[in-house]
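See structure below.
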Amino acid sequence: MNREKSLNGTLSAYDLWAAEEFSCIEEKLEQVFVDVETDCPYGLPQQAVFHQAFFAPLEEHVVGLFLAAGYRRNGNCLYTMRCPHCTACQPIRLQVEQFSPSRSQKRNRKKNDDIAASFLPLVRSQEHLDLCDRFLQNRYPSDNSAERYYADFFENGLTHTEQLEFRQGGRLLGNAIVDHGEHWLNAVYFFFDPEESGRGLGTYNVLRLIDFCRERGIIYLYLGFYIRDVQAMNYKDTFRPYQLLEDGVWCSYSGASSRDLSRK
């Protein structure tokens, strides 16, 4: 991978504030967290350890503190990875005002200019369930219950969650599940019609989320984990510059991605 670390060991004003605030609550909350060992959900050979806890509704700025500390949301659960023999899962985010689209991302936007994107309240309609089922059956044939994904993963009483629908001529092509607060947007999950895989909807989804952040003055877009050896996550490497959480510090990476270089 051709990437250049352009910032290392320096915390932004927001991150300094978030780290200080999080340190005040982390010790108090540590007693409610448990470590859960399981097979790696991303197919890596090492055992995975989820450091997790379930929560009632939290103020949005508190959720933002957890995100800045590298935590993710799954239903009403907040978790981070504490795998003893693996550090492949790296939290990744974009500082949206610094993002500059690549030529391939500009082509992606043009290719999908026939799509209408709309932010709406999160709903579990049959149309959304059918699309999610088709996506899961295509990607994960042994784990294909859209009902379970909605009930256990997407829906929650922890924070404010919406969906970003992508429609072409009224037909639902894709749906993004996102949490958001005043300063942050958290991309929880995205599913799309497998028959439309040639559109690059995963990339288009992130481009539209960046638009949403810029329109509302949101600073950070959290994209979950980046794992170099998981091909389905490689598209995250193309959004430059991006930041990875390394030893408690968000470090920025710039330069051409390996995917963009292969197209030259």
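Ordered as shown in the structure tokens, chains take letters A, B, and onward, while each chain numbers its residues from 1 and ligands are numbered from 1 in the order shown.
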
Query raised in the report: What are the DSSP alpha helix (DSSP H) residues of range 4-162 of chain A, as a PyMOL selection string?
Result: chain A and resi 13-29+60-68+103-111+126-139+146-149

Report task. Could you give me, as a list in words, the residues within 10 Å of Leu120 in chain A, counting only C-alpha atoms and dropping anything in the same chain fewer than 4 positions from it? Result -> Thr161, Glu162, Gln163, Leu164 and Glu165 of chain A

How would the residues just picked look written out with C-alpha atoms as a PDB file, in the first residue's frame?
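File part.pdb, as written:
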```pdb
ATOM      1  CA  THR A 161     -30.070   6.937  14.116  1.00  0.00           C
ATOM      2  CA  GLU A 162     -31.340   7.622  10.596  1.00  0.00           C
ATOM      3  CA  GLN A 163     -31.070   6.022   7.186  1.00  0.00           C
ATOM      4  CA  LEU A 164     -29.838   7.376   3.866  1.00  0.00           C
ATOM      5  CA  GLU A 165     -31.874   5.879   1.026  1.00  0.00           C
TER       6      GLU A 165
END
```

Query - Among the residues A:Phe135, A:Phe55, A:Tyr242, A:Tyr140, the one that comes closest to Ser197 in chain A [using only C-alpha atoms] - result: A:Phe135

List every residue of range 56-157 of chain A that has an atom at most 7 Å from any atom of range 218-236 of chain A, giving for each one its closest atom pair and the distance in Å to one decimal, counting only C-alpha atoms, sorted by chain and then by ascending residue number, as JSON lines.
```
{"residue": "A:Arg72", "atom": "CA", "partner": "A:Gly224", "partner_atom": "CA", "distance": 6.8}
{"residue": "A:Ala88", "atom": "CA", "partner": "A:Ile227", "partner_atom": "CA", "distance": 5.6}
{"residue": "A:Cys89", "atom": "CA", "partner": "A:Ile227", "partner_atom": "CA", "distance": 5.4}
{"residue": "A:Gln90", "atom": "CA", "partner": "A:Phe225", "partner_atom": "CA", "distance": 5.2}
{"residue": "A:Pro91", "atom": "CA", "partner": "A:Phe225", "partner_atom": "CA", "distance": 4.4}
{"residue": "A:Ile92", "atom": "CA", "partner": "A:Leu223", "partner_atom": "CA", "distance": 5.6}
{"residue": "A:Arg93", "atom": "CA", "partner": "A:Tyr222", "partner_atom": "CA", "distance": 4.2}
{"residue": "A:Leu94", "atom": "CA", "partner": "A:Leu221", "partner_atom": "CA", "distance": 5.1}
{"residue": "A:Gln95", "atom": "CA", "partner": "A:Tyr220", "partner_atom": "CA", "distance": 4.8}
{"residue": "A:Val96", "atom": "CA", "partner": "A:Tyr220", "partner_atom": "CA", "distance": 6.0}
```

Query raised in the report: Looking at A:Ala19, A:Val206, A:Val49, A:Cys251, which one is nearest to Ile177 in chain A, with distances taken over only C-alpha atoms?
Result: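 Between A:Ala19, A:Val206, A:Val49, A:Cys251, the residue approaching Ile177 in chain A most closely is A:Val206.
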
**Report entry** Atom-to-atom span, CA of His61 in chain A and CA of Leu158 in chain A, Å
**Finding:**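 Separating CA of His61 in chain A from CA of Leu158 in chain A is a distance of 12.0 Å.
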
Query raised in the report: With only C-alpha atoms as the basis for distance, which of A:Glu21, A:Asp179, A:Asp193, A:Asp133 is at the shortest distance from Gly75 in chain A?
Result: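 Nearest candidate to Gly75 in chain A out of A:Glu21, A:Asp179, A:Asp193, A:Asp133: A:Asp179.
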
Report task. Work out how far apart CA of Glu37 in chain A and CA of Gln137 in chain A are and give it in Å to one decimal. Result -> 25.9 Å

Report summary line: From CA of Trp250 in chain A to CA of Asn175 in chain A the spacing works out at 28.4 Å

Report task. Among the residues of range 16-208 of chain A, find those DSSP assigns to strand (DSSP E or B) from the backbone and print them as an MDAnalysis selection string. Result -> chainID A and resid 34:39 47:54 72:74 77:81 90:95 116:121 161:168 171:180 184:192

Could those selected residues go to a file with C-alpha atoms, as a CSV table (one decimal), in the first residue's frame?
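Contents of result_12.csv, as written:
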```csv
chain,number,residue,atom,x,y,z
A,34,VAL,CA,-16.9,-7.3,29.8
A,35,ASP,CA,-14.6,-9.1,27.5
A,36,VAL,CA,-16.3,-11.5,25.1
A,37,GLU,CA,-14.1,-14.0,23.2
A,38,THR,CA,-15.3,-15.3,19.8
A,39,ASP,CA,-14.2,-16.3,16.3
A,47,GLN,CA,-9.6,-15.3,18.2
A,48,ALA,CA,-11.4,-12.0,18.7
A,49,VAL,CA,-12.1,-10.3,22.0
A,50,PHE,CA,-14.9,-7.7,22.2
A,51,HIS,CA,-14.6,-5.3,25.1
A,52,GLN,CA,-18.2,-4.3,25.4
A,53,ALA,CA,-21.1,-2.9,27.4
A,54,PHE,CA,-24.8,-2.3,26.9
A,72,ARG,CA,-18.2,1.2,17.7
A,73,ARG,CA,-21.9,0.7,18.1
A,74,ASN,CA,-23.9,-2.5,17.7
A,77,CYS,CA,-23.8,-2.0,22.8
A,78,LEU,CA,-20.6,0.0,22.6
A,79,TYR,CA,-17.5,-2.0,22.0
A,80,THR,CA,-13.8,-1.9,21.1
A,81,MET,CA,-11.5,-4.7,20.1
A,90,GLN,CA,-8.0,0.0,13.0
A,91,PRO,CA,-10.7,2.7,13.6
A,92,ILE,CA,-10.9,5.0,10.6
A,93,ARG,CA,-12.5,8.4,10.1
A,94,LEU,CA,-12.5,11.3,7.7
A,95,GLN,CA,-12.0,15.0,8.7
A,116,ALA,CA,-31.8,10.3,-5.5
A,117,ALA,CA,-30.4,10.2,-2.0
A,118,SER,CA,-32.7,11.1,1.0
A,119,PHE,CA,-32.1,11.1,4.8
A,120,LEU,CA,-35.1,9.6,6.5
A,121,PRO,CA,-36.0,8.2,9.9
A,161,THR,CA,-30.1,6.9,14.1
A,162,GLU,CA,-31.3,7.6,10.6
A,163,GLN,CA,-31.1,6.0,7.2
A,164,LEU,CA,-29.8,7.4,3.9
A,165,GLU,CA,-31.9,5.9,1.0
A,166,PHE,CA,-30.6,5.6,-2.5
A,167,ARG,CA,-33.3,5.3,-5.2
A,168,GLN,CA,-33.3,5.3,-9.0
A,171,ARG,CA,-36.5,1.7,-6.9
A,172,LEU,CA,-34.5,1.2,-3.7
A,173,LEU,CA,-30.9,0.5,-4.6
A,174,GLY,CA,-29.1,1.0,-1.3
A,175,ASN,CA,-29.6,2.0,2.3
A,176,ALA,CA,-27.1,3.4,4.8
A,177,ILE,CA,-27.6,3.2,8.6
A,178,VAL,CA,-26.0,6.2,10.3
A,179,ASP,CA,-25.8,7.7,13.8
A,180,HIS,CA,-25.2,11.4,14.1
A,184,TRP,CA,-19.8,13.6,14.2
A,185,LEU,CA,-21.5,11.1,11.8
A,186,ASN,CA,-21.1,7.4,12.4
A,187,ALA,CA,-21.5,5.1,9.4
A,188,VAL,CA,-23.0,1.9,11.0
A,189,TYR,CA,-23.8,-0.2,7.9
A,190,PHE,CA,-24.6,0.0,4.2
A,191,PHE,CA,-26.4,-2.6,2.1
A,192,PHE,CA,-27.3,-2.5,-1.6
```

**Report entry** Pick from A:Gln126, A:Ile25, A:His160, A:Phe239 nearest to Ala146 in chain A, counting only C-alpha atoms
**Finding:** A:Gln126

**Report entry** Counting only C-alpha atoms, the residue of A:Gly70, A:Gly157, A:Pro141, A:Gly43 that sits nearest Arg82 in chain A
**Finding:** A:Gly70

Query raised in the report: Of the candidates A:Asn112, A:Glu30, A:Ser100, A:Leu129, which shows the shortest atom-to-atom distance to Asn144 in chain A, using only C-alpha atoms?
Result: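 Between A:Asn112, A:Glu30, A:Ser100, A:Leu129, the residue approaching Asn144 in chain A most closely is A:Leu129.
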